[in-house]
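Reading through the structure tokens given below for one structure.
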Amino acid sequence: MAKTYHDADADLSLIQAKKVAIIGYGSQGHAHALNLKDSGVDVRVGLRADSANVARARAAGLVVGTVAEVSKWADVIMNLTPDQTAAKVYHEDIAPNMKPNVTLMFAHGFNIRFRTITPPATVDVSLVAPKAPGHRVREVFTEGGGVPALVAVEQDASGTALALALSYAKGIGGTRAGVLQTTFTEETETDLFGEQAVLCGGVSALIKAGFETLVEAGYQPEIAYFECCHELKLIVDLINRGGLQYMRHSISDTAEWGDYIAGPRVITKEVKASMKGLLNDIQDGSFAKRFIEENETGRKEFARYRAAEASHPLETVGAELRAGMTFLDPVKVVDGAVVKA
């Protein structure tokens with residue numbers, strides 16, 4: 001069983017005594033910076049001078065500087081830039097400016113696990129990874145709660161890396177819900193696998209396959225959308241609250257019976273074998289290598305996939321239906337920006 005830490009296991013004064021640089025002000029960056037600030041921590045945000053987020057961070061009451069500037073200032077540097085840019089930011093702006101005994105922190109282990117970043121032996125390297133999108137990390141914190149998080153130490157030069165990481169986790173609210181101890185390798189490999197096999201790749205493909213099956217059989221696409229996509233959230237909310245057993249308790253006997261007899265017909269031994277293949281690609285570095293190469297060569301395949309998926313009938317039908325469901329506060333993505341639907 002994983003070792004779990006709570007508020008009583010973490011000393012908030014440790015992180016309050018440090019100068020903390022948050023690199024990036026996206027989903028996780030804004031939540032970490034604001035939660036730490038509210039917890040009494042001296043925080044500065046590192047951004048490109050031309051970043052659109054500079055004004056946003058300053059409007060929230062945060063001190064903003066370039067990545068190089070805040071890296072020189074900080075005792076703790078949390079790199080919350082995307083996986084595909086984190087190494088470049090580190091090598092160009094963080095590494096040449098950071099203190100010899102700084103603590104380097106991450107919210108995902110990708111660049112440490114696949115060695116695009118190899119910090120010097122004199123620094124602590126740790127991970128605090130909230131298990132929720134950044135807007136929920138912030139939202140739940142302001143409500144007095146917290147979301148669960150993972151903590152790991154890759155390099156403990158000081159001998160106190162875990163204690164400081166737990167203090168940081170407490171500062172963003174993680175210990176209110178529980179912080180599980182892991183390793184950079186375990187966090188990275190399980191996170192990538194979960195995204196690919198279940199949460200994103202698996203679910204997206206399952207939704208599309210169900211939608212296409214009904215439409216190809218002559219059913220209306222609007223009905224297919226409701227049955228294979230819209231209602232998924234209702235089921236996931238039940239699972240999230242009480243597991244599969246609570247979900248099955250809450251649905252009809254007809255649906256529960258269908259769950260038992262149909263699930264194994266859809267998720268077969270062959271599907272599970274494919275999942276093992278995905279995991280092997282993650283573990284041996286094949287996925288990381290392909291992803292890094294894609295980003296270094298112009299992201300043409302990435303763009304092709306994105307454009308093709310955006311034009312799928314599921315998306316066009318769904319957008320029309322969601323526009324009429326104001327209770328959802330529907331949005332859409334236009335030229336990479338999120339706008340009201």
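Residue numbering restarts at 1 for every chain of the structure tokens, chains are lettered A, B, ... in their displayed order, and ligands are numbered from 1 as they appear.
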
Write out as a VMD selection string the residues lying within 8 Å of Phe211 in chain A, counting only C-alpha atoms and excluding same-chain residues fewer than 3 positions away. chain A and resid 207 to 208 214 to 215 221 224 to 225 228 to 229 314

Write out as a ChimeraX atom specification each polymer residue whose atoms come within 7 Å of range 160-169 of chain A, counting only C-alpha atoms; drop sequence neighbours fewer than 2 positions from it. /A:10-12,14-15,124,126,128,151,153,156,158,171-175

Those selected residues, please, written with C-alpha atoms and delivered as a PDB file, in the first residue's frame.
```pdb
ATOM      1  CA  ALA A  10       3.704  18.295   6.880  1.00  0.00           C
ATOM      2  CA  ASP A  11       5.289  21.451   8.320  1.00  0.00           C
ATOM      3  CA  LEU A  12       4.030  24.479   6.379  1.00  0.00           C
ATOM      4  CA  LEU A  14       9.389  24.960   5.775  1.00  0.00           C
ATOM      5  CA  ILE A  15       8.016  26.267   2.482  1.00  0.00           C
ATOM      6  CA  ASP A 124      17.231  18.403  -4.534  1.00  0.00           C
ATOM      7  CA  SER A 126      11.249  16.404  -6.074  1.00  0.00           C
ATOM      8  CA  VAL A 128       4.345  17.295  -6.186  1.00  0.00           C
ATOM      9  CA  VAL A 151       4.921  13.223  -3.885  1.00  0.00           C
ATOM     10  CA  VAL A 153      11.985  12.496  -4.429  1.00  0.00           C
ATOM     11  CA  ASP A 156      17.979  14.237  -2.007  1.00  0.00           C
ATOM     12  CA  SER A 158      20.088  18.093   1.381  1.00  0.00           C
ATOM     13  CA  GLY A 171       0.824  24.917   0.790  1.00  0.00           C
ATOM     14  CA  ILE A 172      -1.279  24.075  -2.268  1.00  0.00           C
ATOM     15  CA  GLY A 173      -3.830  22.074  -0.249  1.00  0.00           C
ATOM     16  CA  GLY A 174      -2.783  18.542  -1.154  1.00  0.00           C
ATOM     17  CA  THR A 175      -2.359  17.233   2.382  1.00  0.00           C
TER      18      THR A 175
END
```

Quick one: distance from CA of Met98 in chain A to CA of Ala17 in chain A in Å, one decimal?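 Interatomic distance here is 17.7 Å.
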
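Distance check against His6 in chain A using only C-alpha atoms: of A:Gln181, A:Gln196, A:Gln84, A:Asn79, the minimum falls on A:Gln181.
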
Out of range 275-319 of chain A, which residues get helix (DSSP H, G or I) from DSSP, as a ChimeraX atom specification? /A:275-283,286-296,300-310,313-319

Excluding range 248-251 of chain A and residues on its chain fewer than 3 positions from it, collect all residues at most 12 Å away from it, counting only C-alpha atoms, and give them as a PyMOL selection string. chain A and resi 234-239+241-245+254-260

Got a sec to tell me which of range 97-300 of chain A DSSP assigns to strand (DSSP E), as an MDAnalysis selection string? chainID A and resid 103:106 124:130 149:155 179:181

Export of prior selection with N, CA and C atoms as a CSV table (one decimal), in the first residue's frame:
```csv
chain,number,residue,atom,x,y,z
A,103,THR,N,16.2,23.8,-4.8
A,103,THR,CA,15.3,22.6,-4.9
A,103,THR,C,14.6,22.8,-6.2
A,104,LEU,N,14.7,21.8,-7.1
A,104,LEU,CA,14.0,21.8,-8.4
A,104,LEU,C,12.8,20.9,-8.2
A,105,MET,N,11.6,21.4,-8.6
A,105,MET,CA,10.4,20.6,-8.4
A,105,MET,C,9.6,20.5,-9.7
A,106,PHE,N,8.8,19.5,-9.8
A,106,PHE,CA,8.0,19.2,-11.0
A,106,PHE,C,6.7,18.7,-10.6
A,124,ASP,N,18.3,19.3,-4.8
A,124,ASP,CA,17.2,18.4,-4.5
A,124,ASP,C,16.3,18.4,-5.7
A,125,VAL,N,15.8,17.2,-6.1
A,125,VAL,CA,14.8,17.1,-7.2
A,125,VAL,C,13.6,16.4,-6.6
A,126,SER,N,12.5,17.0,-6.6
A,126,SER,CA,11.2,16.4,-6.1
A,126,SER,C,10.0,16.7,-6.9
A,127,LEU,N,9.0,16.0,-6.6
A,127,LEU,CA,7.7,16.1,-7.4
A,127,LEU,C,6.5,16.3,-6.5
A,128,VAL,N,5.7,17.2,-6.8
A,128,VAL,CA,4.3,17.3,-6.2
A,128,VAL,C,3.3,17.4,-7.3
A,129,ALA,N,2.5,16.4,-7.5
A,129,ALA,CA,1.6,16.3,-8.6
A,129,ALA,C,0.2,16.2,-8.2
A,130,PRO,N,-0.6,17.3,-8.2
A,130,PRO,CA,-2.0,17.2,-7.9
A,130,PRO,C,-2.7,16.3,-8.9
A,149,ALA,N,-2.8,14.4,-4.0
A,149,ALA,CA,-1.6,14.7,-4.8
A,149,ALA,C,-0.6,13.5,-4.6
A,150,LEU,N,0.4,13.5,-5.5
A,150,LEU,CA,1.5,12.5,-5.4
A,150,LEU,C,2.8,13.3,-5.0
A,151,VAL,N,3.6,12.6,-4.2
A,151,VAL,CA,4.9,13.2,-3.9
A,151,VAL,C,6.0,12.2,-4.2
A,152,ALA,N,7.2,12.7,-4.7
A,152,ALA,CA,8.3,11.8,-4.9
A,152,ALA,C,9.6,12.6,-4.8
A,153,VAL,N,10.6,11.9,-4.5
A,153,VAL,CA,12.0,12.5,-4.4
A,153,VAL,C,12.9,11.7,-5.3
A,154,GLU,N,13.5,12.4,-6.3
A,154,GLU,CA,14.4,11.7,-7.2
A,154,GLU,C,15.9,11.9,-6.7
A,155,GLN,N,16.1,13.0,-6.1
A,155,GLN,CA,17.5,13.4,-5.7
A,155,GLN,C,17.4,14.1,-4.4
A,179,VAL,N,-1.7,12.9,0.4
A,179,VAL,CA,-0.6,12.9,-0.5
A,179,VAL,C,0.1,11.5,-0.5
A,180,LEU,N,0.1,10.8,-1.6
A,180,LEU,CA,0.6,9.5,-1.7
A,180,LEU,C,2.1,9.5,-2.2
A,181,GLN,N,2.9,8.8,-1.5
A,181,GLN,CA,4.3,8.7,-1.9
A,181,GLN,C,4.5,7.8,-3.1
```

Which residue of A:Gly61, A:Pro96, A:Gly318, A:Gly146 approaches Lys332 in chain A most closely, using only C-alpha atoms: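 Distance minimum relative to Lys332 in chain A lands on A:Gly318.
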